[in-house]
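Q: Sharing a structure, written as structure tokens. Questions coming.
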Amino acid sequence: MNPDRKESGRGGGPEEPKEQILRGLPASAGMAIGPAYLYEREEVFVAERTLDEAEIAWELTLLKDAFTRANHELENITEYARERLDQEAAAIFESQIMLLNDPELFRAIERRIRLEKKNADFLIHQELERYKALLITTNDPLFRDRIPDLDEVAQRLLRCLQRKRLRSSVEGKHIIVANQLSPADTILFSRNDVLGYATDLGGVTSHAAILARSLKIPAVVALHEATASIRTGDPLIIDGHRGLLIIHPTPERVREYEKKIERTRALEAKMDGLVHLPGATPDGRTVDIDANAEFVDECEYILAQGAGGIGLYRTEHLYLLEGGFPSEQEQYIAYSTIASMMYPRKVIIRTFDIGGEKLTDRQYEEENPSLGWRGIRVLLDKPEVFRQQLRAILRASAAKNVKLMFPMISGLAELRRALAHLEDVRRELRDSGVLFDQHMEVGIMIEVPSSVFLADLFAREVDFFSIGTNDLVQYLLAVDRTNDLIVELYQEFHPAVLRAVKHVIDTAHAAGIRVGMCGEMAGNPMAVALLLGMGLDEYSMIPSVIPIVKGIIRRTPFTEAKALADEALSKTTSAEVRELVASFFASRYTDLWQPTNSGHVPPSE
Ligand code: PEP
Ligand code: MG
């Protein structure tokens with residue numbers, strides 16, 4: 001365990017509890033101060049029991065009733081998710097309703113109650129465990145991705161059968177502290193005045209984390225010891241930017257955070273004026289400042305934040321929410337909706353980047369998933385799925401504001417195979433008279449180290465690059481982006497990362513193509529001037545930081561940024577680079593943003 005995980009500070013007095021700081025992973029931005037509400041899911045125990053003949057009819061009634069109740073609960077949650085968020089969030093629960101309504105599930109349990117004379121809860125548990133075992137043994141990650149949903153459905157059914165109530169609600173404003181939260185908990189608590197979510201377990205790409213971000217509720221996950229250290233009512237501060245949970249904060253700490261929260265509010269108000277201004281430096285260099293998007297419904301917020309377009313639309317969330325690959329038509333609807341909502345601004349749609357650590361609360365059985373069956377590798381192995389997606393993207397490009405991007409490209413042969421599929425699909429569409437943008441730009445993510453070295457070859461075959469630092473840093477430095485034990489080693493300002501980024505930008509420019517960056521580094525305020533000076537053309541980031549990045553660009557002469565980049569590239573360690581960018585930052589931008597970390601926190605998406 002990271003020795004820095006837990007820190008203690010001064011308490012307010014001898015008998016006052018001591019301040020304690022837990023470090024986790026930032027899953028949803030924002031800060032809040034408030035009392036804890038310790039949420040403990042009541043364990044549902046299942047014991048095997050043999051029924052008397054006379055009990056069987058009653059057991060069957062209970063079973064039916066449990067299915068009806070579970071269905072009813074899930075329908076209510078789905079409706080609420082649809083109202084509060086969007087159809088995509090609701091789809092998380094719709095897929096659980098589908099599981100629950102699989103007629104074979106009910107029939108199998110019913111049959112076994114009659115034949116084996118066992119109690120319903122025991123058989124529900126057995127049947128769902130059996131189903132789960134089947135999913136685990138299949139080699140298809142698409143099936144295995146459904147296991148958390150299956151667990152959720154099993155727990156809900158058992159609770160309904162045993163008439164146990166789930167108390168995902170709380171009076172008054174609280175920070176919810178739990179071992180783990182399900183998507184349903186996240187949604188249900190949000191009906192109250194919840195200030196934040198802090199969990200022992202969980203990853204930043206879990207359904208619950210995604211929902212917390214969409215709900216704009218601060219969340220910190222992977223705290224490991226939160227539930228063991230906290231009682232309901234304990235005063236807390238949650239810092240979703242830095243991934244911190246502060247227990248029994250000292251009065252000074254509370255004042256510090258009150259000021260930070262106040263400053264953030266004031267800054268948001270001040271940033272309003274920047275929204276419609278371009279990302280231009282005082283000496284006339286213009287860069288694109290775009291947003292990374294996951295959900296169609298984010299567009300309104302993205303536009304309100306002043307994004308010039310969408311520099312990365314991660315389509316894998318459609319896959320996640322559908323619980324499998326969505327149909328061409330479903331994709332077409334999503335892509336054309338986002339394209340028309342953003343029109344005339346551009347939208348870069350990235351083909352599914354599934355596999356690796358993405359989109360699963362559990363790892364597949366691959367020994368080394370991040371180096372495994374992931375991104376373009378999956379798509380090339382599933383040509384039907386790939387072509388369906390390409391067709392949907394091309395169809396959505398008719399208004400000419402869509403670009404296409406491939407993830408995880410590591411070699412020329414791979415790129416050419418992907419382009420050949422694209423060419424085939426283009427031909428098919430042309431032959432059938434379907435409208436699309438014949439000149440739609442095609443680019444690749446530069447996120448695998450080999451692609452850095454092959455950038456000159458790639459630049460001859462595609463229209464743009466987008467540097468994915470989230471993966472590039474992980475692969476370049478051999479530091480797993482999801483492993484919180486080595487979080488200190490995940491360094492965006494590592495000299496190797498800087499050299500790689502600079503090489504890619506220079507190579508692309510020599511070939512006459514543009515370079516963007518859509519990894520978290522692009523939205524790290526500390527990195528903005530440095531990247532500007534290196535010559536980056538387009539920044540794409542989580543929408544909440546767009547005004548800050550724009551503010552920095554608008555007050556940074558390109559000549560000064562260039563000098564900063566040159567100096568940074570001459571440094572030999574991450575610490576030296578960080579020190580340099582931090583002092584550049586401190587002398588210019590602290591009224592726009594208060595540095596909260598040194599830039600090596602792994603990406604939260
Ligand atoms: C990246 O790797 O930097 C990136 C933007 O892609 P993702 O985070 O979706 O892997
Ligand atoms: Mg990536």
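Starting from 1 in every chain, residues are counted up; chains themselves are A, B, ... following the order of the structure tokens, and ligands are numbered from 1 as listed.
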Can you pull out the residues contacting segment 37-39 of chain A? Cut-off 7 Å, using only C-alpha atoms, and skip same-chain residues under 6 positions away; I want them as a ChimeraX atom specification.
A: /A:174-178,227,231-233
Q: Just list the residues in segment 243-341 of chain A DSSP gives strand (DSSP E) on the backbone, as a PyMOL selection string.
A: chain A and resi 244-247+288-293+309-314
Q: Could you tell me, as a ChimeraX atom specification, which residues of segment 313-526 of chain A DSSP assigns to alpha helix (DSSP H) when given the backbone?
A: /A:316-322,328-342,376-381,383-396,412-431,449-453,455-459,469-477,495-511,525-526
Q: Residues near segment 530-546 of chain A, anyone? I mean within 7 Å using only C-alpha atoms, not counting same-chain ones fewer than 2 positions away, as a PDB file with C-alpha atoms, in the first residue's frame.
A:
ATOM      1  CA  VAL A 287      -5.854  26.736 -30.810  1.00  0.00           C
ATOM      2  CA  ASP A 288      -9.048  24.658 -30.633  1.00  0.00           C
ATOM      3  CA  ILE A 289     -10.429  24.045 -27.168  1.00  0.00           C
ATOM      4  CA  ASP A 290     -12.816  21.113 -27.306  1.00  0.00           C
ATOM      5  CA  ALA A 291     -14.611  18.769 -24.974  1.00  0.00           C
ATOM      6  CA  ASN A 292     -14.407  15.053 -24.350  1.00  0.00           C
ATOM      7  CA  ILE A 302     -20.389  21.386 -23.304  1.00  0.00           C
ATOM      8  CA  GLN A 305     -18.745  25.856 -21.257  1.00  0.00           C
ATOM      9  CA  ALA A 307     -16.233  24.267 -26.312  1.00  0.00           C
ATOM     10  CA  GLY A 311     -12.456  16.396 -29.677  1.00  0.00           C
ATOM     11  CA  LEU A 312     -13.260  12.909 -28.393  1.00  0.00           C
ATOM     12  CA  LYS A 502       7.016  16.945 -28.975  1.00  0.00           C
ATOM     13  CA  ILE A 505       3.696  17.281 -32.907  1.00  0.00           C
ATOM     14  CA  ARG A 514      -2.893  18.837 -37.201  1.00  0.00           C
ATOM     15  CA  VAL A 515      -2.339  17.353 -33.757  1.00  0.00           C
ATOM     16  CA  GLY A 516      -4.750  17.347 -30.872  1.00  0.00           C
ATOM     17  CA  MET A 517      -4.577  15.877 -27.410  1.00  0.00           C
ATOM     18  CA  CYS A 518      -7.554  14.246 -25.728  1.00  0.00           C
ATOM     19  CA  GLU A 520      -6.333  14.207 -19.310  1.00  0.00           C
ATOM     20  CA  ALA A 522      -4.759  18.433 -22.199  1.00  0.00           C
ATOM     21  CA  GLY A 523      -7.097  19.576 -19.444  1.00  0.00           C
ATOM     22  CA  ALA A 527       0.299  21.630 -18.664  1.00  0.00           C
ATOM     23  CA  VAL A 528      -1.571  24.087 -20.885  1.00  0.00           C
ATOM     24  CA  ILE A 548      -9.858  27.722 -17.160  1.00  0.00           C
ATOM     25  CA  VAL A 549      -7.826  26.412 -20.106  1.00  0.00           C
ATOM     26  CA  LYS A 550      -9.253  29.129 -22.325  1.00  0.00           C
ATOM     27  CA  PHE A 558       2.956  32.042 -27.693  1.00  0.00           C
ATOM     28  CA  ALA A 561       5.002  29.414 -24.018  1.00  0.00           C
ATOM     29  CA  LYS A 562       7.570  28.373 -26.606  1.00  0.00           C
ATOM     30  CA  LEU A 564       8.818  27.469 -21.464  1.00  0.00           C
ATOM     31  CA  ALA A 565       8.494  24.356 -23.650  1.00  0.00           C
TER      32      ALA A 565
END
Q: Kindly compile the residues surrounding ligand 2 within 6 Å, counting only C-alpha atoms and all ligand atoms, and format them as a list of chain:residue names.
A: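 Counting only what the definition allows, namely only C-alpha atoms and all ligand atoms, the set is A:Gly468, A:Asn470, A:Asp471.
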Q: May I have the residues within 10 Å of ligand 1, computed using only C-alpha atoms and all ligand atoms, as a ChimeraX atom specification?
A: /A:205,292,294,311-316,350,352-354,356-358,375,407-408,445-448,466-475,481,517-522,540-541,602-605
Q: Just the residues within 12 Å of Asp65 of chain A, please, counting only C-alpha atoms, with nothing from its chain fewer than 6 positions along; format it as a PDB file with C-alpha atoms, in the first residue's frame.
A:
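Below is the file that was written, out34.pdb:
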ATOM      1  CA  TRP A  58     -46.960 -20.326  -0.646  1.00  0.00           C
ATOM      2  CA  GLU A  59     -43.301 -20.366  -1.722  1.00  0.00           C
ATOM      3  CA  ASN A  71     -39.461  -5.273 -11.500  1.00  0.00           C
ATOM      4  CA  HIS A  72     -41.460  -2.465 -10.027  1.00  0.00           C
ATOM      5  CA  PHE A 106     -38.334 -17.537 -13.442  1.00  0.00           C
ATOM      6  CA  ALA A 120     -37.027 -19.828  -3.274  1.00  0.00           C
ATOM      7  CA  LEU A 157     -34.585 -10.252  -5.897  1.00  0.00           C
ATOM      8  CA  LEU A 158     -33.402 -11.729  -2.607  1.00  0.00           C
ATOM      9  CA  ARG A 159     -34.155  -8.518  -0.756  1.00  0.00           C
ATOM     10  CA  CYS A 160     -37.627  -8.417  -2.247  1.00  0.00           C
ATOM     11  CA  LEU A 161     -38.197 -12.041  -1.315  1.00  0.00           C
ATOM     12  CA  GLN A 162     -37.075 -11.485   2.245  1.00  0.00           C
ATOM     13  CA  ARG A 163     -38.983  -8.196   2.383  1.00  0.00           C
TER      14      ARG A 163
END
Q: Here is a test: counting only C-alpha atoms, which residue of A:Asp297, A:Ser587, A:Pro26, A:Ser410 is nearest to Glu83 of chain A?
A: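 Nearest candidate to Glu83 of chain A out of A:Asp297, A:Ser587, A:Pro26, A:Ser410: A:Asp297.
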Q: Go through A:Arg84, A:Arg255, A:Lys260, A:Lys173 one by one, measure the shortest atom-to-atom distance of each to Lys216 of chain A using only C-alpha atoms, and give the residue with the smallest value.
A: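 Between A:Arg84, A:Arg255, A:Lys260, A:Lys173, the residue approaching Lys216 of chain A most closely is A:Arg84.
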Q: Using only C-alpha atoms, which of A:Ile333, A:Leu318, A:Ala398, A:Ala575 sits nearest Leu429 of chain A?
A: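 For Leu429 of chain A, the nearest of the candidates is A:Ala398.
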Q: Taking into account only C-alpha atoms, which residue in the set A:Ser28, A:Ser583, A:Gln491, A:Ser95 is nearest to Arg242 of chain A?
A: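 Among the listed residues, A:Ser28 lies closest to Arg242 of chain A.
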Q: Could you work out how far atom CA of Ile310 of chain A lies from atom CA of Ala582 of chain A, giving the answer in Å with one decimal?
A: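 These atoms are spaced 28.4 Å apart.
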Q: Just the number, please: distance in Å from atom CA of Ala418 of chain A to atom CA of Ser340 of chain A, one decimal.
A: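 Atom-to-atom, atom CA of Ala418 of chain A to atom CA of Ser340 of chain A, that is 26.1 Å.
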Q: Go through A:Leu412, A:Ala228, A:Ile261, A:Ala500 and flag the residue nearest Arg460 of chain A, using only C-alpha atoms for the distances.
A: A:Leu412
Q: Between atom CA of Glu116 of chain A and atom CA of Phe67 of chain A, measure the distance and give it in Å to one decimal.
A: 20.1 Å
Q: Which residue gives the smallest distance to Cys299 of chain A among A:Leu195, A:Ala334, A:Ile56, A:Ala47, with only C-alpha atoms counted?
A: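 Closest to Cys299 of chain A, using only C-alpha atoms: A:Ala334.
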